[in-house]
Amino acid sequence: MTGPTGNGRTPRWPVLVTIGTLLSGVFGNLASNLLSEVAASVLGPASIVVAVLGGVGFVVFELRRRRAAREPGPEPTDVVTAPPADVPTLPYTAGFAGREEHVQAVLDLLAREHAVAVLGRRAVGTSACAVQAANLLRDEFPDGQYHFDLRRGGRPRSARQVLTALAGVLGTAPPTSGRPDALAAAAAALRRKLDGRKILLVLDNVDRPEQVRALLPPTARTCRLLLAGGPALSGLNGVVEHWLAEPGPDEAVELFAAAGGAAPAARIRRADPRTDPAVREIVDLCGRQPRTVRALGYRTAQHGWRHSDVLDALRRAVRTPPHQRVAVSPAAQLVTERDTAYRALTREARRLYRLMSLAPAPVDRPTIAALARRHPERVSALLDQLAAAAFVIGAPGDRYEVRPLLAANARLHLRDAEPARSRVAAQARLTRHLARRAERHAANLAVLGSPPDREWSLPLDDDPYGWFDLHQELLLAVVRVPAGAAETLPRRVRRWWFRLAVALCGWLAHVERLDEWEQVCRTVLATPTADDRPEIAGWAHNELGVLRRRRHDPQGAAAALTLAVAERGRRGTAQARMNLGLALLDLGQLDDAVEHLELSRRHRSSADRAGHALTDLGLGAAQLARGELDTAHHHLVRAANTFRSVGDARGYAAALTNLVLVHATLGEHLDAAQAWRAALREYESVNDPTSRAAALLNAGATLLTSTPGQARAAYELLAESRRLRAETRPTAGLGRTLLYLGDAAAALGDGAEARRLWADAATVAEEVDDDRALAAADDRLERDANPPPTGP
């Protein structure tokens, strides 16, 4: 890297002066001890003061030296070279590549317009495009072409300074002050001087409209004004705009190759950048920033770096999880040093831009404030600054994200400027904020029940479905973490990360997104925390068991839940045992199911009313399957009352659905009818098609077997149950629905339809190993084929 001087060396005189000052102080102090007491009383403190001043001077010079070393020096591939001081002649471009369409568009505009502005974000190439277009028009302006850099030395010039520079070149009176009337008088004098002359004025690096507003509109005859600046110049009166974005992939590769061609030839032969696919990815990782691409292309050719090695170094810096350390490569360091647009931001804006790269999806303002640990109002001001400089873009829901093209660039700056401890702290703040909000909204899911009708909506902070829908991409990305990162997740992040995973699984289970639910559970199992803390592994296995039950895989559910019971410990055993009991109930292992459900009830806290209701519901279903109707009725009634008191509509409807069977078996047909009607009313507000299909099956079977003349109503209920089950894989419930639907068709006198439905029921029952339903379907088909003989 080159230093502030042209030969790449830092000046040594500040260090020499500082060392000399220190030595003089030390020797002065020694000499003062040899003098008389009177002299020592004067010279001793004086020497100490000299030594202290020398130390301060050394620190100041060292800081300035290091700061100068960090500043990027002039790159041999700079396209536009500033003209010498006090000679604002138009510079020639060197190594300009690509952008032919934009240059031609600027030429076309200058042919018919008097003031043209080439606008774009900083460091995107507006200066090079404007100067290249001006060079192609040199012959069109024989009276002079002048180039003024309004940001010489890194500091923008004021409107008075701009008019003074123009007046010095054109021979007019400069403004006497910075007041509007003085600026207007100086600008009027310039217009009179330029009127009728073929002069091209190129005002480069215009940062603010106030710098050039006094010159607008320009003369209406032959003079031309060409501006190059940022988005802040948009909307200037009398100026035609041409917007410039980052170069496309092909143009960026051409910039890389052209800069490499200008470098001294290296001994190592390398592939042509224009045909090497690695170069295309390299320029994308650089954000296709022209200055950065040219600098990296020049340095790659100068040192003979292989393109594949440069690509691997940039990939490691970008893709390695933020909490992991990685060696700093010269290529990555060069990319960050040559990002002049980034360095033009304020210190706080640069930090916010870096930290936002930790968010893998758009984030809202409260999340950004928590990530950066700044006041929301200050965050809003910084976001406006980043958006104006085209570093971030908005997303629906008042959210923001780093521009996709600059995402890798932001990660490089994060790794370059933030130490590992700072990155981990920011990652922990982000995860903690998301976990707390997700937990609050997940707790409200049970209160609201099924997803609300989108014709009406709550405020986002009160609507858990709206909040999860809006932020699901961010939540899933944070929980899933990159490949290999889960195994090395910092301890400071793990706790909040696990709480976020639990809350997210609650939402995924509520909205039946089973694949993503399983993926989150398996990610939790892959973390070291699951190995260190068995209760966390037990939670994941319990979730997987419930998920497999929903997928109608009782064998897999029982296997996962057995692991959960063994791992969760006494505190979490109640829920795992209850789920295991239900899985065993699905498998027909009634005695084992009742045993686990009884143990679950015993381990439940007395304050866990909803948990006790779920256990009673499972015990009622198990006792019903065993034929112990009175005991089943007792448990189901208690479960229904508890569910109703806690406001759980889904649990209340499930208890009523099972009570239908108990009442029908006991011959209490009126109570059975009331129960299934109440259950169906509850399911109208619950988004649970599987349970609603079970309620319809029980209602249809009860009507068909207990109430003569209700075959048509039973057929309609059973047909609706079949429709709800048609979207899922075959289950025992579907087989029994087809069985009773065939009975209803037979009662309605449609024998052909009944035989077809019984045959389908037998097929489904055989597929799902439901022996009782298979035997019942075969019996009905046999009786229909061989009807009993009728009497005389």
# chains A, B, ... in the order shown; residues from 1 in each chain; ligands from 1
call {"tool": "select_by_dssp", "arguments": {"residues": "region 227-371 of chain A", "states": "strand (DSSP E)", "output": "ChimeraX atom specification"}}
result
/A:227-229,240-243,363-364
call {"tool": "residues_around", "arguments": {"residues": "Arg374 (chain A)", "least_positions_apart": "4", "cutoff": "12 Å", "atoms": "only C-alpha atoms", "output": "ChimeraX atom specification"}}
result
/A:348-349,351-352,355,365-370,378-383,426,429
call {"tool": "write_last_selection", "arguments": {"atoms": "N, CA and C atoms", "output": "CSV table (one decimal), in the first residue's frame"}}
result
chain,number,residue,atom,x,y,z
A,348,GLU,N,-21.5,7.3,12.4
A,348,GLU,CA,-22.7,6.5,12.9
A,348,GLU,C,-23.4,5.8,11.7
A,349,ALA,N,-23.5,6.5,10.6
A,349,ALA,CA,-24.1,5.9,9.4
A,349,ALA,C,-23.3,4.7,8.9
A,351,ARG,N,-21.5,2.7,10.8
A,351,ARG,CA,-21.7,1.6,11.8
A,351,ARG,C,-23.1,1.0,11.6
A,352,LEU,N,-24.1,1.8,11.3
A,352,LEU,CA,-25.4,1.2,11.1
A,352,LEU,C,-25.5,0.4,9.8
A,355,LEU,N,-23.8,-3.0,10.6
A,355,LEU,CA,-24.6,-3.8,11.5
A,355,LEU,C,-25.8,-4.4,10.8
A,365,ARG,N,-37.9,-0.6,12.0
A,365,ARG,CA,-37.1,0.4,12.7
A,365,ARG,C,-36.9,0.0,14.2
A,366,PRO,N,-37.9,-0.6,14.9
A,366,PRO,CA,-37.5,-1.0,16.3
A,366,PRO,C,-36.4,-2.1,16.3
A,367,THR,N,-36.4,-3.0,15.3
A,367,THR,CA,-35.4,-4.0,15.3
A,367,THR,C,-34.0,-3.4,15.0
A,368,ILE,N,-34.0,-2.4,14.1
A,368,ILE,CA,-32.7,-1.7,13.8
A,368,ILE,C,-32.2,-0.9,15.0
A,369,ALA,N,-33.2,-0.3,15.7
A,369,ALA,CA,-32.7,0.4,16.9
A,369,ALA,C,-32.2,-0.5,17.9
A,370,ALA,N,-32.8,-1.7,18.1
A,370,ALA,CA,-32.2,-2.7,19.1
A,370,ALA,C,-30.9,-3.2,18.6
A,378,ARG,N,-33.0,8.7,16.3
A,378,ARG,CA,-31.6,8.8,15.7
A,378,ARG,C,-31.5,7.8,14.6
A,379,VAL,N,-32.1,6.6,14.8
A,379,VAL,CA,-32.0,5.6,13.7
A,379,VAL,C,-32.8,6.0,12.5
A,380,SER,N,-33.9,6.7,12.6
A,380,SER,CA,-34.6,7.2,11.5
A,380,SER,C,-33.8,8.2,10.7
A,381,ALA,N,-33.1,9.1,11.4
A,381,ALA,CA,-32.2,10.1,10.7
A,381,ALA,C,-31.1,9.3,9.9
A,382,LEU,N,-30.5,8.3,10.5
A,382,LEU,CA,-29.4,7.6,9.9
A,382,LEU,C,-29.9,6.8,8.7
A,383,LEU,N,-31.1,6.2,8.8
A,383,LEU,CA,-31.7,5.5,7.7
A,383,LEU,C,-32.0,6.4,6.5
A,426,ALA,N,-23.7,-7.5,18.8
A,426,ALA,CA,-24.8,-7.1,17.9
A,426,ALA,C,-25.7,-8.3,17.5
A,429,ARG,N,-28.0,-8.9,20.4
A,429,ARG,CA,-29.1,-7.9,20.6
A,429,ARG,C,-30.2,-8.2,19.5
call {"tool": "closest_residue", "arguments": {"among": "A:Asn135, A:Thr657, A:Gln161, A:Thr346", "to": "Ala186 (chain A)", "atoms": "only C-alpha atoms"}}
result
A:Gln161
call {"tool": "residues_around", "arguments": {"residues": "Ala613 (chain A)", "least_positions_apart": "2", "cutoff": "9 Å", "atoms": "only C-alpha atoms", "output": "PyMOL selection string"}}
result
chain A and resi 608-611+615-618+635-636+638-643+651
call {"tool": "write_last_selection", "arguments": {"atoms": "N, CA and C atoms", "output": "mmCIF file, in the first residue's frame"}}
result
data_model
loop_
_atom_site.group_PDB
_atom_site.id
_atom_site.type_symbol
_atom_site.label_atom_id
_atom_site.label_comp_id
_atom_site.auth_asym_id
_atom_site.auth_seq_id
_atom_site.Cartn_x
_atom_site.Cartn_y
_atom_site.Cartn_z
ATOM 1 N N ASP A 608 -51.544 -25.603 35.880
ATOM 2 C CA ASP A 608 -51.604 -25.823 34.427
ATOM 3 C C ASP A 608 -52.982 -26.381 34.059
ATOM 4 N N ARG A 609 -53.963 -25.505 34.004
ATOM 5 C CA ARG A 609 -55.334 -25.949 33.735
ATOM 6 C C ARG A 609 -55.470 -26.475 32.310
ATOM 7 N N ALA A 610 -54.860 -25.772 31.351
ATOM 8 C CA ALA A 610 -54.950 -26.230 29.963
ATOM 9 C C ALA A 610 -54.278 -27.592 29.794
ATOM 10 N N GLY A 611 -53.146 -27.800 30.478
ATOM 11 C CA GLY A 611 -52.485 -29.100 30.397
ATOM 12 C C GLY A 611 -53.338 -30.214 30.989
ATOM 13 N N THR A 615 -54.866 -33.575 29.087
ATOM 14 C CA THR A 615 -54.699 -34.938 29.606
ATOM 15 C C THR A 615 -56.047 -35.621 29.800
ATOM 16 N N ASP A 616 -57.036 -34.902 30.329
ATOM 17 C CA ASP A 616 -58.377 -35.474 30.480
ATOM 18 C C ASP A 616 -58.980 -35.836 29.128
ATOM 19 N N LEU A 617 -58.725 -35.010 28.132
ATOM 20 C CA LEU A 617 -59.228 -35.325 26.797
ATOM 21 C C LEU A 617 -58.613 -36.621 26.291
ATOM 22 N N GLY A 618 -57.298 -36.785 26.455
ATOM 23 C CA GLY A 618 -56.657 -38.025 26.027
ATOM 24 C C GLY A 618 -57.143 -39.225 26.806
ATOM 25 N N HIS A 635 -64.150 -37.930 32.230
ATOM 26 C CA HIS A 635 -62.959 -37.192 31.778
ATOM 27 C C HIS A 635 -63.300 -36.191 30.686
ATOM 28 N N LEU A 636 -64.160 -36.544 29.760
ATOM 29 C CA LEU A 636 -64.472 -35.658 28.644
ATOM 30 C C LEU A 636 -65.274 -34.455 29.090
ATOM 31 N N ARG A 638 -65.151 -33.110 32.081
ATOM 32 C CA ARG A 638 -64.222 -32.246 32.798
ATOM 33 C C ARG A 638 -63.302 -31.499 31.822
ATOM 34 N N ALA A 639 -62.849 -32.168 30.780
ATOM 35 C CA ALA A 639 -62.000 -31.504 29.780
ATOM 36 C C ALA A 639 -62.767 -30.401 29.064
ATOM 37 N N ALA A 640 -64.037 -30.678 28.674
ATOM 38 C CA ALA A 640 -64.827 -29.670 27.974
ATOM 39 C C ALA A 640 -65.054 -28.446 28.846
ATOM 40 N N ASN A 641 -65.352 -28.640 30.112
ATOM 41 C CA ASN A 641 -65.581 -27.498 31.008
ATOM 42 C C ASN A 641 -64.317 -26.668 31.185
ATOM 43 N N THR A 642 -63.180 -27.345 31.328
ATOM 44 C CA THR A 642 -61.930 -26.603 31.512
ATOM 45 C C THR A 642 -61.551 -25.841 30.245
ATOM 46 N N PHE A 643 -61.675 -26.482 29.097
ATOM 47 C CA PHE A 643 -61.356 -25.795 27.841
ATOM 48 C C PHE A 643 -62.242 -24.569 27.653
ATOM 49 N N GLY A 651 -59.855 -27.047 21.760
ATOM 50 C CA GLY A 651 -59.956 -28.134 22.727
ATOM 51 C C GLY A 651 -61.382 -28.422 23.128
#
